[in-house]
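**Student:** This is input.pdb (PDB, C-alpha atoms, pLDDT in the B column).
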```pdb
ATOM      1  CA  MET A   1       9.830  56.119  64.485  1.00 56.00           C
ATOM      2  CA  GLY A   2      10.632  57.656  61.101  1.00 54.00           C
ATOM      3  CA  VAL A   3      14.147  56.268  61.227  1.00 52.00           C
ATOM      4  CA  LEU A   4      12.742  52.881  61.939  1.00 52.00           C
ATOM      5  CA  ALA A   5      10.318  53.082  59.004  1.00 51.00           C
ATOM      6  CA  VAL A   6      13.062  54.202  56.625  1.00 49.00           C
ATOM      7  CA  THR A   7      15.366  51.430  57.843  1.00 56.00           C
ATOM      8  CA  GLY A   8      12.601  48.831  57.448  1.00 52.00           C
ATOM      9  CA  LEU A   9      11.761  50.031  53.927  1.00 54.00           C
ATOM     10  CA  GLY A  10      15.442  50.013  52.983  1.00 52.00           C
ATOM     11  CA  ALA A  11      15.941  46.517  54.339  1.00 51.00           C
ATOM     12  CA  GLY A  12      12.767  45.328  52.522  1.00 51.00           C
ATOM     13  CA  ALA A  13      13.986  46.802  49.251  1.00 50.00           C
ATOM     14  CA  PHE A  14      17.389  45.257  49.757  1.00 51.00           C
ATOM     15  CA  LEU A  15      16.007  41.806  50.578  1.00 54.00           C
ATOM     16  CA  ALA A  16      13.221  41.823  47.941  1.00 52.00           C
ATOM     17  CA  PRO A  17      13.960  39.748  44.830  1.00 53.00           C
ATOM     18  CA  GLN A  18      15.145  41.672  41.859  1.00 52.00           C
ATOM     19  CA  PRO A  19      12.798  41.693  38.785  1.00 47.00           C
ATOM     20  CA  ALA A  20      15.291  39.667  36.730  1.00 43.00           C
ATOM     21  CA  GLU A  21      15.473  37.013  39.446  1.00 44.00           C
ATOM     22  CA  ALA A  22      11.698  36.786  39.645  1.00 42.00           C
ATOM     23  CA  TYR A  23      11.466  35.977  35.925  1.00 41.00           C
ATOM     24  CA  GLN A  24      14.107  33.294  36.211  1.00 42.00           C
ATOM     25  CA  ASP A  25      11.888  31.279  38.517  1.00 43.00           C
ATOM     26  CA  VAL A  26       9.559  30.549  35.592  1.00 44.00           C
ATOM     27  CA  SER A  27      10.543  27.180  34.182  1.00 50.00           C
ATOM     28  CA  THR A  28      12.433  27.429  30.940  1.00 51.00           C
ATOM     29  CA  PRO A  29      13.075  24.246  29.012  1.00 48.00           C
ATOM     30  CA  THR A  30      16.552  22.875  29.470  1.00 61.00           C
ATOM     31  CA  GLY A  31      18.096  20.158  27.380  1.00 81.00           C
ATOM     32  CA  VAL A  32      16.416  19.083  24.164  1.00 90.00           C
ATOM     33  CA  PHE A  33      12.956  20.494  23.512  1.00 89.00           C
ATOM     34  CA  ILE A  34      10.505  20.763  20.622  1.00 92.00           C
ATOM     35  CA  THR A  35       8.829  23.849  19.233  1.00 91.00           C
ATOM     36  CA  VAL A  36       5.673  23.563  17.165  1.00 91.00           C
ATOM     37  CA  GLY A  37       6.274  25.440  13.962  1.00 85.00           C
ATOM     38  CA  ASN A  38       5.244  23.762  10.723  1.00 72.00           C
ATOM     39  CA  PRO A  39       1.450  23.461  10.603  1.00 76.00           C
ATOM     40  CA  PRO A  40      -0.379  26.767  11.058  1.00 80.00           C
ATOM     41  CA  ASP A  41      -3.085  25.126  13.196  1.00 85.00           C
ATOM     42  CA  GLY A  42      -0.681  23.288  15.543  1.00 88.00           C
ATOM     43  CA  THR A  43      -0.086  19.583  15.995  1.00 92.00           C
ATOM     44  CA  ASN A  44      -1.804  16.716  17.761  1.00 92.00           C
ATOM     45  CA  VAL A  45      -0.288  14.978  20.753  1.00 93.00           C
ATOM     46  CA  ARG A  46      -0.940  11.232  20.790  1.00 92.00           C
ATOM     47  CA  SER A  47      -0.547   8.446  23.316  1.00 89.00           C
ATOM     48  CA  GLY A  48       1.747   6.509  20.976  1.00 91.00           C
ATOM     49  CA  PRO A  49       3.812   6.949  17.805  1.00 91.00           C
ATOM     50  CA  HIS A  50       1.066   6.294  15.264  1.00 88.00           C
ATOM     51  CA  SER A  51      -1.970   8.286  14.170  1.00 85.00           C
ATOM     52  CA  ILE A  52      -4.304   5.268  13.871  1.00 85.00           C
ATOM     53  CA  ASN A  53      -3.046   2.512  16.176  1.00 84.00           C
ATOM     54  CA  TYR A  54      -3.177   4.613  19.364  1.00 84.00           C
ATOM     55  CA  GLY A  55      -6.636   6.110  18.951  1.00 81.00           C
ATOM     56  CA  PRO A  56      -7.664   9.753  18.924  1.00 87.00           C
ATOM     57  CA  PRO A  57      -5.314  12.583  19.996  1.00 90.00           C
ATOM     58  CA  ILE A  58      -4.903  13.172  23.740  1.00 91.00           C
ATOM     59  CA  GLY A  59      -4.119  16.872  23.291  1.00 92.00           C
ATOM     60  CA  ARG A  60      -2.959  19.624  20.998  1.00 91.00           C
ATOM     61  CA  LEU A  61      -0.005  22.007  20.871  1.00 92.00           C
ATOM     62  CA  ASN A  62      -0.395  25.375  19.169  1.00 91.00           C
ATOM     63  CA  PRO A  63       2.228  27.023  16.934  1.00 90.00           C
ATOM     64  CA  GLY A  64       5.089  28.331  19.047  1.00 89.00           C
ATOM     65  CA  ASP A  65       4.401  25.993  22.013  1.00 91.00           C
ATOM     66  CA  THR A  66       7.401  24.174  23.443  1.00 92.00           C
ATOM     67  CA  ALA A  67       7.770  20.952  25.390  1.00 93.00           C
ATOM     68  CA  PRO A  68      10.728  18.966  26.710  1.00 93.00           C
ATOM     69  CA  ALA A  69      11.690  16.108  24.400  1.00 94.00           C
ATOM     70  CA  ILE A  70      12.417  12.716  25.974  1.00 92.00           C
ATOM     71  CA  GLY A  71      13.247  10.479  23.019  1.00 93.00           C
ATOM     72  CA  LYS A  72      12.392   9.423  19.490  1.00 93.00           C
ATOM     73  CA  THR A  73      11.396   6.330  17.518  1.00 92.00           C
ATOM     74  CA  ALA A  74      14.058   4.302  15.744  1.00 90.00           C
ATOM     75  CA  ALA A  75      13.188   5.885  12.398  1.00 90.00           C
ATOM     76  CA  GLY A  76      12.965   9.361  13.965  1.00 89.00           C
ATOM     77  CA  GLU A  77       9.424   9.979  12.690  1.00 92.00           C
ATOM     78  CA  TRP A  78       7.867  10.479  16.156  1.00 94.00           C
ATOM     79  CA  ILE A  79       9.210  12.329  19.175  1.00 94.00           C
ATOM     80  CA  GLN A  80       8.278  11.495  22.771  1.00 93.00           C
ATOM     81  CA  ILE A  81       7.633  14.603  24.879  1.00 94.00           C
ATOM     82  CA  GLN A  82       6.618  15.463  28.427  1.00 92.00           C
ATOM     83  CA  PHE A  83       2.881  16.140  28.264  1.00 91.00           C
ATOM     84  CA  PRO A  84       0.965  16.406  31.554  1.00 87.00           C
ATOM     85  CA  ALA A  85      -2.374  15.337  30.043  1.00 82.00           C
ATOM     86  CA  GLY A  86      -0.887  12.152  28.586  1.00 81.00           C
ATOM     87  CA  PRO A  87      -0.622   8.723  30.182  1.00 79.00           C
ATOM     88  CA  ASN A  88       2.251   8.838  32.710  1.00 84.00           C
ATOM     89  CA  GLY A  89       2.822  12.482  31.686  1.00 88.00           C
ATOM     90  CA  ILE A  90       4.097  11.448  28.249  1.00 91.00           C
ATOM     91  CA  GLY A  91       2.879  12.187  24.723  1.00 93.00           C
ATOM     92  CA  TRP A  92       4.061  11.715  21.146  1.00 93.00           C
ATOM     93  CA  VAL A  93       4.216  14.272  18.300  1.00 93.00           C
ATOM     94  CA  TYR A  94       4.981  13.799  14.623  1.00 92.00           C
ATOM     95  CA  SER A  95       8.509  15.074  13.949  1.00 90.00           C
ATOM     96  CA  ALA A  96       7.622  16.792  10.645  1.00 89.00           C
ATOM     97  CA  ASN A  97       5.312  19.159  12.560  1.00 90.00           C
ATOM     98  CA  VAL A  98       7.881  20.344  15.118  1.00 91.00           C
ATOM     99  CA  GLU A  99      11.387  21.725  15.281  1.00 90.00           C
ATOM    100  CA  VAL A 100      13.809  20.004  17.643  1.00 90.00           C
ATOM    101  CA  SER A 101      16.467  21.986  19.472  1.00 89.00           C
ATOM    102  CA  PRO A 102      20.039  20.756  19.040  1.00 88.00           C
ATOM    103  CA  GLY A 103      20.957  17.868  21.268  1.00 86.00           C
ATOM    104  CA  PHE A 104      20.862  14.087  21.552  1.00 88.00           C
ATOM    105  CA  LEU A 105      17.574  12.180  21.750  1.00 89.00           C
ATOM    106  CA  GLN A 106      17.711   8.560  22.759  1.00 91.00           C
ATOM    107  CA  ILE A 107      15.676   5.946  20.908  1.00 91.00           C
ATOM    108  CA  VAL A 108      12.734   4.783  23.010  1.00 91.00           C
ATOM    109  CA  GLU A 109      10.416   1.835  22.591  1.00 90.00           C
ATOM    110  CA  PRO A 110       6.839   2.770  21.765  1.00 87.00           C
ATOM    111  CA  PRO A 111       4.146   1.741  24.233  1.00 86.00           C
ATOM    112  CA  PRO A 112       2.080  -1.333  23.413  1.00 85.00           C
ATOM    113  CA  THR A 113      -0.916  -0.641  21.212  1.00 82.00           C
ATOM    114  CA  PRO A 114      -4.174  -0.664  23.148  1.00 75.00           C
ATOM    115  CA  ALA A 115      -6.623  -3.496  22.577  1.00 73.00           C
ATOM    116  CA  PRO A 116      -9.704  -2.359  20.679  1.00 67.00           C
ATOM    117  CA  LEU A 117     -12.753  -1.861  22.886  1.00 65.00           C
ATOM    118  CA  VAL A 118     -15.035  -3.552  20.381  1.00 68.00           C
ATOM    119  CA  THR A 119     -13.958  -6.525  18.363  1.00 68.00           C
ATOM    120  CA  ALA A 120     -15.179  -6.721  14.819  1.00 69.00           C
ATOM    121  CA  THR A 121     -17.886  -9.318  14.314  1.00 79.00           C
ATOM    122  CA  ILE A 122     -19.575 -10.602  11.216  1.00 80.00           C
ATOM    123  CA  ASP A 123     -23.205  -9.717  10.645  1.00 83.00           C
ATOM    124  CA  LEU A 124     -24.728 -13.123   9.922  1.00 83.00           C
ATOM    125  CA  THR A 125     -27.637 -11.651   7.969  1.00 84.00           C
ATOM    126  CA  LEU A 126     -25.250  -9.816   5.676  1.00 84.00           C
ATOM    127  CA  ALA A 127     -22.972 -12.839   5.357  1.00 83.00           C
ATOM    128  CA  ALA A 128     -25.933 -15.028   4.408  1.00 83.00           C
ATOM    129  CA  ALA A 129     -26.590 -12.775   1.411  1.00 83.00           C
ATOM    130  CA  PHE A 130     -23.200 -13.756   0.020  1.00 84.00           C
ATOM    131  CA  ASN A 131     -23.582 -17.475   0.702  1.00 81.00           C
ATOM    132  CA  ILE A 132     -24.292 -18.747  -2.790  1.00 81.00           C
ATOM    133  CA  GLN A 133     -25.426 -22.347  -3.122  1.00 80.00           C
ATOM    134  CA  PRO A 134     -24.805 -23.949  -6.506  1.00 77.00           C
ATOM    135  CA  THR A 135     -27.837 -25.419  -8.232  1.00 77.00           C
ATOM    136  CA  PRO A 136     -27.753 -29.203  -8.373  1.00 78.00           C
ATOM    137  CA  THR A 137     -27.199 -30.458 -11.915  1.00 79.00           C
ATOM    138  CA  ARG A 138     -26.125 -33.690 -13.471  1.00 77.00           C
ATOM    139  CA  MET A 139     -22.456 -34.008 -13.881  1.00 77.00           C
ATOM    140  CA  PRO A 140     -21.334 -34.170 -17.501  1.00 79.00           C
ATOM    141  CA  THR A 141     -20.600 -37.687 -18.683  1.00 84.00           C
ATOM    142  CA  PHE A 142     -17.975 -38.826 -21.105  1.00 86.00           C
ATOM    143  CA  THR A 143     -19.325 -40.081 -24.420  1.00 88.00           C
ATOM    144  CA  PRO A 144     -16.698 -41.875 -26.473  1.00 89.00           C
ATOM    145  CA  PRO A 145     -16.500 -40.908 -30.142  1.00 90.00           C
ATOM    146  CA  PRO A 146     -17.631 -43.400 -32.793  1.00 91.00           C
ATOM    147  CA  PRO A 147     -14.908 -45.730 -34.046  1.00 91.00           C
ATOM    148  CA  LEU A 148     -12.733 -44.350 -36.788  1.00 90.00           C
ATOM    149  CA  GLU A 149     -13.437 -45.988 -40.146  1.00 90.00           C
ATOM    150  CA  ILE A 150     -10.514 -46.020 -42.540  1.00 89.00           C
ATOM    151  CA  PRO A 151     -11.578 -46.735 -46.147  1.00 87.00           C
ATOM    152  CA  GLN A 152      -9.801 -49.661 -47.825  1.00 87.00           C
ATOM    153  CA  TYR A 153      -8.959 -49.456 -51.524  1.00 83.00           C
ATOM    154  CA  ALA A 154      -8.235 -52.672 -53.380  1.00 81.00           C
ATOM    155  CA  GLU A 155      -6.138 -52.642 -56.496  1.00 77.00           C
ATOM    156  CA  GLU A 156      -7.974 -53.953 -59.558  1.00 71.00           C
ATOM    157  CA  ASN A 157      -6.001 -56.053 -61.958  1.00 65.00           C
ATOM    158  CA  ASN A 158      -7.561 -55.815 -65.450  1.00 60.00           C
ATOM    159  CA  GLY A 159      -4.953 -58.003 -67.076  1.00 57.00           C
ATOM    160  CA  GLY A 160      -3.243 -55.253 -69.030  1.00 58.00           C
ATOM    161  CA  SER A 161      -6.299 -53.939 -70.935  1.00 59.00           C
ATOM    162  CA  PHE A 162      -6.399 -50.263 -71.666  1.00 59.00           C
ATOM    163  CA  GLY A 163     -10.083 -49.861 -71.148  1.00 74.00           C
ATOM    164  CA  ALA A 164     -12.188 -47.139 -72.762  1.00 79.00           C
ATOM    165  CA  PHE A 165      -9.943 -44.328 -71.570  1.00 83.00           C
ATOM    166  CA  GLY A 166      -6.836 -45.952 -72.917  1.00 83.00           C
ATOM    167  CA  VAL A 167      -8.370 -46.357 -76.402  1.00 85.00           C
ATOM    168  CA  PHE A 168      -9.521 -42.736 -76.453  1.00 89.00           C
ATOM    169  CA  ILE A 169      -6.062 -41.429 -75.557  1.00 90.00           C
ATOM    170  CA  LEU A 170      -4.462 -43.639 -78.223  1.00 90.00           C
ATOM    171  CA  VAL A 171      -6.820 -42.328 -80.934  1.00 92.00           C
ATOM    172  CA  LEU A 172      -6.112 -38.704 -79.980  1.00 94.00           C
ATOM    173  CA  GLY A 173      -2.371 -39.365 -80.098  1.00 95.00           C
ATOM    174  CA  LEU A 174      -2.643 -40.829 -83.643  1.00 95.00           C
ATOM    175  CA  ILE A 175      -4.695 -37.866 -84.903  1.00 96.00           C
ATOM    176  CA  GLY A 176      -2.182 -35.440 -83.445  1.00 94.00           C
ATOM    177  CA  GLY A 177       0.736 -37.300 -84.999  1.00 94.00           C
ATOM    178  CA  MET A 178      -0.925 -37.233 -88.455  1.00 94.00           C
ATOM    179  CA  GLY A 179      -1.553 -33.510 -88.136  1.00 92.00           C
ATOM    180  CA  LEU A 180       2.071 -32.903 -87.290  1.00 92.00           C
ATOM    181  CA  LEU A 181       3.254 -34.958 -90.244  1.00 92.00           C
ATOM    182  CA  MET A 182       0.934 -33.069 -92.612  1.00 91.00           C
ATOM    183  CA  SER A 183       2.175 -29.701 -91.389  1.00 90.00           C
ATOM    184  CA  PHE A 184       5.794 -30.660 -92.208  1.00 87.00           C
ATOM    185  CA  ILE A 185       4.898 -31.957 -95.664  1.00 90.00           C
ATOM    186  CA  PHE A 186       2.854 -28.974 -96.821  1.00 88.00           C
ATOM    187  CA  ARG A 187       5.122 -26.474 -95.420  1.00 80.00           C
ATOM    188  CA  LYS A 188       7.914 -26.980 -97.919  1.00 59.00           C
TER
END
```
Could you spell out this file's structure in structure tokens?
**Tutor:**
Amino acid sequence: MGVLAVTGLGAGAFLAPQPAEAYQDVSTPTGVFITVGNPPDGTNVRSGPHSINYGPPIGRLNPGDTAPAIGKTAAGEWIQIQFPAGPNGIGWVYSANVEVSPGFLQIVEPPPTPAPLVTATIDLTLAAAFNIQPTPTRMPTFTPPPPLEIPQYAEENNGGSFGAFGVFILVLGLIGGMGLLMSFIFRK
């Protein structure tokens, strides 16, 4: 009986998996994978490659977490990963928040953006506050200016008379001439 027990224990030890083999059964990422590293509080996982168009995050990865990478956007800003909580087991992370292992990532088309659950409507009461009606007034009318009057000057023909001003100028000229003549005479 003892020999049988020792043989059974030896065979069990021989057939039991080795500790190194047992750890290899745990899935390790193969191929290209991402590792969350940049933000200290982790990164959001989204249903599409945009932080607004695809709604709130569908999950979160903590610093040091890894996930298999499937593809990337054309610009390389978002990376598609395998994420069990996501739609069809897929999620998207922002590439600046993760480190990508070396390898080739194909460019994938983003999913269509979801239709909003509630469409924006206009509050008619609020819109009525901005509906400004102009006050009715008379339209301005055109009033033509008065006609332009151009003064007309007629030439007067006095028949060659000097008039009062002509006589006055002549008298002053004679007095000046006499004064000039007197100054030459008494000067010598």
**Student:** Counting all atoms listed in the file, which residues have an atom no more than 12 Å from (-8.4, 6.8, 20.8) in the file's coordinates? Please list them as number ranges by chain.
**Tutor:** A: 45-48, 50-59, 113-117
**Student:** Enter the distance from CA of Glu77 in chain A to CA of Tyr94 in chain A, in Å, rounded to one decimal.
**Tutor:**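 These atoms are spaced 6.2 Å apart.
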**Student:** Quick one: residues within 12 Å of range 86-93 of chain A, all atoms listed in the file, excluding same-chain residues fewer than 6 positions away - as a PyMOL selection string?
**Tutor:** chain A and resi 33-36+42-51+54+57-61+66-73+76-80+99-100+108-111
**Student:** Hey, can you check how far CA of Pro39 in chain A sits from CA of Asn62 in chain A?
**Tutor:**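 Calculated distance between CA of Pro39 in chain A and CA of Asn62 in chain A is 9.0 Å.
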**Student:** May I have the centre and edge lengths, in Å to one decimal, of an axis-aligned box around the listed atoms of range 146-157 of chain A with 5 Å added to every side, as AutoDock Vina command-line options?
**Tutor:**
```
--center_x -11.8 --center_y -49.7 --center_z -47.4 --size_x 21.6 --size_y 22.7 --size_z 39.2
```
**Student:** What does the distance from CA of Val98 in chain A to CA of Asp41 in chain A come to in Å, to one decimal?
**Tutor:**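 These two atoms are separated by 12.1 Å.
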